[in-house]
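Asks: Below: one structure in structure tokens.
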Amino acid sequence: MNSRKVRIQTTLDSEIYSSIIKKLLPKYGHLNKLIEEAVKYLYAKEMGEVTELDHLLIRMMKEVGMVAIGFESAEHAASGDVEKAVKENEIEFMLEWYYGKPLSKISFEEAVNFLKVALLARNWASDVKINDEGDEVHVLVRSNVGKNLSEIFCKAVKHFAESKFGLKTDYSIYSHGFNIILKKPRL
């Protein structure tokens with residue numbers, strides 16, 4: 001069923017149009033789409049789904065250089081138990097939450113795609129490229145997170161991929177990022 005369109009006509013402040021709308025138009029293509037997305041965002045904000053504190057957290061993560069880490073992982077790391085932080089983390093819960101289904105029903109491709117989403121959303125990465133090399137998938141990550149945190153994260157992904165998906169996993173740490181190599185499961 002096609003939704004009906006409602007025509008609206010309005011005027012906007014020229015400063016808003018030139019400083020904001022013109023910059024956003026290339027991303028949304030049409031003014032209609034931009035306005036629809038803005039209204040959806042405002043509605044979510046009004047319904048309490050997105051708050052000013054949420055925006056502040058995002059700005060802090062991006063501008064101050066913070067990363068999001070789960071409570072359990074942070075508690076383990078703070079107590080000095082890095083091994084537990086690697087083995088008992090939130091990866092499985094986040095995957096199930098994101099896809100709305102149990103881990104047993106999440107495919108390899110979905111898990112790899114979520115890795116990209118999670119790295120960017122939690123500010124562990126500034127850029128993520130996924131390269132399918134046939135029998136392996138390389139997740140190339142550009143990040144300002146230091147080598148020690150990168151290694152802990154890579155170890156956590158390796159442990160998770162091997163214990164939950166049975167995947168052979170390797171990684172390399174570089175000064176400005178890391179590479180996670182996942183061997184594809186045989187069908």
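Scheme for the structure tokens: letters A, B, ... for chains in order shown; per-chain residue numbers from 1; ligand numbers from 1 in order shown.
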Which polymer residues have any atom within 12 Å of an atom of range 22-24 of chain A, counting only C-alpha atoms, with same-chain residues fewer than 5 positions away left out, as a PyMOL selection string?
Replies: chain A and resi 14-17+29-35+37-38
Asks: Which residues are close to Glu136 in chain A, i.e. within 9 Å by only C-alpha atoms, leaving aside same-chain residues fewer than 4 positions away? Reply as number ranges by chain.
Replies: A: 131-132, 181-184
Asks: Can you check which residues of chain A DSSP gives as strand (DSSP E or B) on the backbone and send them as an NGL selection string?
Replies: :A and (127-132 or 136-142 or 169-174 or 177-183)
Asks: How far is it from CA of Leu42 in chain A to CA of Ile20 in chain A, in Å with one decimal?
Replies: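 Going from CA of Leu42 in chain A over to CA of Ile20 in chain A, I get 15.9 Å.
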Asks: Fewer than 2 positions away in the same chain doesn't count, so skip those; otherwise give me all residues within 7 Å of range 156-173 of chain A, counting only C-alpha atoms, as a list in words.
Replies: Val86, Lys87, Lys147, Ser150, Glu151, Ile152, Phe153, Cys154, Ser175, Gly177, Phe178, Asn179, Ile180, Ile181, Leu182, Lys183, Lys184 and Pro185 of chain A
Asks: For range 54-67 of chain A, list every protein, DNA or RNA residue within 8 Å, evaluated using only C-alpha atoms, and leave out those in the same chain fewer than 6 positions away; present the list as JSON, numbers by chain.
Replies: {"A": [122, 123, 124]}
Asks: Here is a test: counting only C-alpha atoms, which residue of A:Val112, A:Val50, A:Ile130, A:Ile91 is nearest to Glu72 in chain A?
Replies: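 Of the candidates, the smallest distance to Glu72 in chain A is held by A:Ile91.
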Asks: Hey, what's within 12 Å of Lys84 in chain A if we count only C-alpha atoms and toss same-chain stuff fewer than 4 positions away? As a compact mmCIF listing (two decimals) with N, CA and C atoms, in the first residue's frame, please?
Replies:
```
# COMPACT_ATOMS: atom_id res chain seq x y z
N GLU A 72 30.45 -4.59 32.12
CA GLU A 72 31.19 -5.79 32.55
C GLU A 72 32.65 -5.71 32.13
N SER A 73 32.90 -5.35 30.89
CA SER A 73 34.28 -5.26 30.40
C SER A 73 35.05 -4.20 31.16
N ALA A 74 34.42 -3.06 31.41
CA ALA A 74 35.09 -1.99 32.15
C ALA A 74 35.41 -2.44 33.57
N GLU A 75 34.47 -3.13 34.20
CA GLU A 75 34.69 -3.61 35.57
C GLU A 75 35.85 -4.61 35.62
N HIS A 76 35.87 -5.53 34.68
CA HIS A 76 36.97 -6.51 34.62
C HIS A 76 38.31 -5.81 34.40
N ALA A 77 38.33 -4.89 33.44
CA ALA A 77 39.58 -4.18 33.13
C ALA A 77 40.03 -3.34 34.33
N ALA A 78 39.08 -2.67 35.00
CA ALA A 78 39.42 -1.83 36.15
C ALA A 78 39.97 -2.65 37.31
N SER A 79 39.49 -3.88 37.43
CA SER A 79 39.98 -4.73 38.51
C SER A 79 41.29 -5.42 38.13
N GLY A 80 41.76 -5.16 36.92
CA GLY A 80 43.03 -5.74 36.47
C GLY A 80 42.89 -7.11 35.84
N GLU A 88 34.76 -12.47 28.83
CA GLU A 88 33.40 -12.20 29.29
C GLU A 88 33.04 -10.77 28.95
N ASN A 89 32.62 -10.55 27.72
CA ASN A 89 32.29 -9.20 27.28
C ASN A 89 30.88 -9.18 26.68
N GLU A 90 30.52 -8.08 26.10
CA GLU A 90 29.15 -7.86 25.66
C GLU A 90 28.89 -8.17 24.19
N ILE A 152 43.43 -5.59 23.18
CA ILE A 152 42.37 -6.17 24.01
C ILE A 152 41.11 -6.40 23.18
N LYS A 155 41.64 -9.32 20.79
CA LYS A 155 41.61 -10.59 21.54
C LYS A 155 40.16 -10.97 21.87
N ALA A 156 39.36 -9.98 22.24
CA ALA A 156 37.95 -10.25 22.55
C ALA A 156 37.21 -10.76 21.32
N HIS A 159 38.46 -14.34 20.56
CA HIS A 159 37.87 -15.32 21.48
C HIS A 159 36.42 -15.58 21.14
```
